[in-house]
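Following: one structure in structure tokens, then a few remarks.
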Amino acid sequence: MQPAALPHDTVAILRARARALAREPEREQAAGTTLEVVEFSLAHERYALETACIAEVCPLEDLTPLPCTPAFVLGLVNVRRSIFPVIDLKRFFDLPEPGITDLHRILIVDAHDMKFGLLADAIAGVRSIRTDQLQPALPTMNGIRAEYLKGLTPDRVVILNPHAIASDRRILVHEEVEQ
């Protein structure tokens, strides 16, 4: 059985599709123009940190409260025999606090030769963001000063600067106890 002859328009469409599929894929961006980030939620907003500064993500387990610390320091966690302070960014940025659940995760961050945990409501995943699409912080953003931000994506994910958070004078404690 011979296949039926195709109309001229159909042949042209099929050839154009074949050429498009046979083409070498174009590089979306030049090297170094994307950020790979871990996206997470805080108080029903979306935030992200660069994966380069995240040592690991782990569940919130066995949190030990730490007395005489600022309200945003939740306590200490032991992750594989290493002790890390855990900072609640919702309290640090004065965001609404819905409470802690089993879904909370800790992002172990390595910034300014410090390792500490940042509490996240939930982890959305890892994604790449084009740096040329990052916008500066909006002046209407509540609680988060521009110094803590790398930028804002077109879909309103706030990219945080962990080095700025780690160097905040409220986090650094340089007190000595007299004996």
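Every chain in the structure tokens has a letter given in the order shown (A, B, ...), and although residue numbers restart at 1 in each chain, ligands are simply numbered from 1 in the order shown.
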* To do: Going by DSSP on the backbone, which bits of range 23-166 of chain A are helix (DSSP H, G or I)? Write them as number ranges by chain, please.
  => A: 51-53, 89-92, 131-133, 146-148, 162-166
* as a ChimeraX atom specification, which residues of range 52-173 of chain A does DSSP assign to strand (DSSP E)? -> /A:54-59,73-79,82-88,105-111,114-120,122-130,149-152,158-160
Wanna dump the range 120-173 of chain A-range 35-41 of chain A contacts at 8 Å for me, each residue with its shortest atom pair and the distance in Å to one decimal, counting only C-alpha atoms, ordered by chain and number, as a tab-separated table?
```
residue	atom	partner	partner_atom	distance
A:Ala120	CA	A:Ser41	CA	6.1
A:Asp121	CA	A:Ser41	CA	5.4
A:Ala122	CA	A:Ser41	CA	5.4
A:Ile123	CA	A:Phe40	CA	4.3
A:Ala124	CA	A:Phe40	CA	5.1
A:Gly125	CA	A:Glu39	CA	5.5
A:Val126	CA	A:Val38	CA	4.5
A:Arg127	CA	A:Val37	CA	5.6
A:Ser128	CA	A:Glu36	CA	4.3
A:Ile129	CA	A:Leu35	CA	5.1
A:Arg130	CA	A:Leu35	CA	6.4
A:Thr131	CA	A:Leu35	CA	6.5
A:Val157	CA	A:Glu39	CA	7.9
```
Selection file, N, CA, C and O atoms, as a PDB file, in the first residue's frame:
```
ATOM      1  N   ALA A 120      13.602  27.145  57.696  1.00  0.00           N
ATOM      2  CA  ALA A 120      12.712  27.343  56.545  1.00  0.00           C
ATOM      3  C   ALA A 120      11.413  26.604  56.816  1.00  0.00           C
ATOM      4  O   ALA A 120      11.424  25.522  57.394  1.00  0.00           O
ATOM      5  N   ASP A 121      10.299  27.196  56.407  1.00  0.00           N
ATOM      6  CA  ASP A 121       9.001  26.538  56.591  1.00  0.00           C
ATOM      7  C   ASP A 121       8.924  25.261  55.763  1.00  0.00           C
ATOM      8  O   ASP A 121       8.461  24.239  56.227  1.00  0.00           O
ATOM      9  N   ALA A 122       9.375  25.331  54.511  1.00  0.00           N
ATOM     10  CA  ALA A 122       9.382  24.171  53.611  1.00  0.00           C
ATOM     11  C   ALA A 122      10.369  24.448  52.480  1.00  0.00           C
ATOM     12  O   ALA A 122      10.587  25.602  52.116  1.00  0.00           O
ATOM     13  N   ILE A 123      10.939  23.391  51.925  1.00  0.00           N
ATOM     14  CA  ILE A 123      11.871  23.519  50.809  1.00  0.00           C
ATOM     15  C   ILE A 123      11.111  23.263  49.521  1.00  0.00           C
ATOM     16  O   ILE A 123      10.428  22.246  49.382  1.00  0.00           O
ATOM     17  N   ALA A 124      11.241  24.179  48.560  1.00  0.00           N
ATOM     18  CA  ALA A 124      10.563  24.024  47.270  1.00  0.00           C
ATOM     19  C   ALA A 124      11.427  23.272  46.273  1.00  0.00           C
ATOM     20  O   ALA A 124      10.912  22.595  45.397  1.00  0.00           O
ATOM     21  N   GLY A 125      12.746  23.400  46.373  1.00  0.00           N
ATOM     22  CA  GLY A 125      13.626  22.700  45.458  1.00  0.00           C
ATOM     23  C   GLY A 125      14.807  23.560  45.023  1.00  0.00           C
ATOM     24  O   GLY A 125      15.013  24.662  45.522  1.00  0.00           O
ATOM     25  N   VAL A 126      15.558  23.025  44.073  1.00  0.00           N
ATOM     26  CA  VAL A 126      16.731  23.709  43.535  1.00  0.00           C
ATOM     27  C   VAL A 126      16.394  24.191  42.141  1.00  0.00           C
ATOM     28  O   VAL A 126      15.749  23.476  41.375  1.00  0.00           O
ATOM     29  N   ARG A 127      16.832  25.399  41.809  1.00  0.00           N
ATOM     30  CA  ARG A 127      16.598  25.931  40.473  1.00  0.00           C
ATOM     31  C   ARG A 127      17.711  26.888  40.093  1.00  0.00           C
ATOM     32  O   ARG A 127      18.465  27.337  40.946  1.00  0.00           O
ATOM     33  N   SER A 128      17.816  27.175  38.816  1.00  0.00           N
ATOM     34  CA  SER A 128      18.785  28.146  38.313  1.00  0.00           C
ATOM     35  C   SER A 128      18.056  29.437  37.984  1.00  0.00           C
ATOM     36  O   SER A 128      16.961  29.416  37.428  1.00  0.00           O
ATOM     37  N   ILE A 129      18.711  30.543  38.321  1.00  0.00           N
ATOM     38  CA  ILE A 129      18.141  31.863  38.077  1.00  0.00           C
ATOM     39  C   ILE A 129      19.147  32.680  37.295  1.00  0.00           C
ATOM     40  O   ILE A 129      20.329  32.722  37.655  1.00  0.00           O
ATOM     41  N   ARG A 130      18.685  33.304  36.238  1.00  0.00           N
ATOM     42  CA  ARG A 130      19.559  34.170  35.440  1.00  0.00           C
ATOM     43  C   ARG A 130      19.830  35.454  36.214  1.00  0.00           C
ATOM     44  O   ARG A 130      18.911  36.118  36.662  1.00  0.00           O
ATOM     45  N   THR A 131      21.111  35.800  36.350  1.00  0.00           N
ATOM     46  CA  THR A 131      21.470  36.987  37.116  1.00  0.00           C
ATOM     47  C   THR A 131      21.042  38.271  36.423  1.00  0.00           C
ATOM     48  O   THR A 131      20.775  39.262  37.107  1.00  0.00           O
ATOM     49  N   VAL A 157      10.649  35.771  43.795  1.00  0.00           N
ATOM     50  CA  VAL A 157      11.426  34.995  44.756  1.00  0.00           C
ATOM     51  C   VAL A 157      12.529  35.917  45.262  1.00  0.00           C
ATOM     52  O   VAL A 157      13.267  36.513  44.477  1.00  0.00           O
TER      53      VAL A 157
END
```
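Proximity to Leu107 in chain A was assessed for A:Glu56, A:Leu76, A:Pro136, A:Phe92 counting only C-alpha atoms; the smallest distance is recorded for A:Glu56.
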* Within 12 Å of Leu60 in chain A using only C-alpha atoms, minus same-chain residues under 4 positions, as a PyMOL selection string -> chain A and resi 64+74-79+84-88+100-108+117-122
* Surrounding residues of Asp155 in chain A excluding itself and chain neighbours under 6 positions, 12 Å, only C-alpha atoms, as a ChimeraX atom specification -> /A:45-47,129,133-135
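Proximity of A:Cys53, A:Leu63, A:Ile83, A:Ala18 to Ala166 in chain A, computed with only C-alpha atoms, is greatest for A:Cys53.
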* Rank nothing, just name the residue among A:Ala48, A:Val73, A:Cys68, A:Ala55 nearest to Tyr148 in chain A, using only C-alpha atoms. => A:Ala48
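Coordinates place CA of Thr153 in chain A at a distance of 26.2 Å from CA of Phe72 in chain A.
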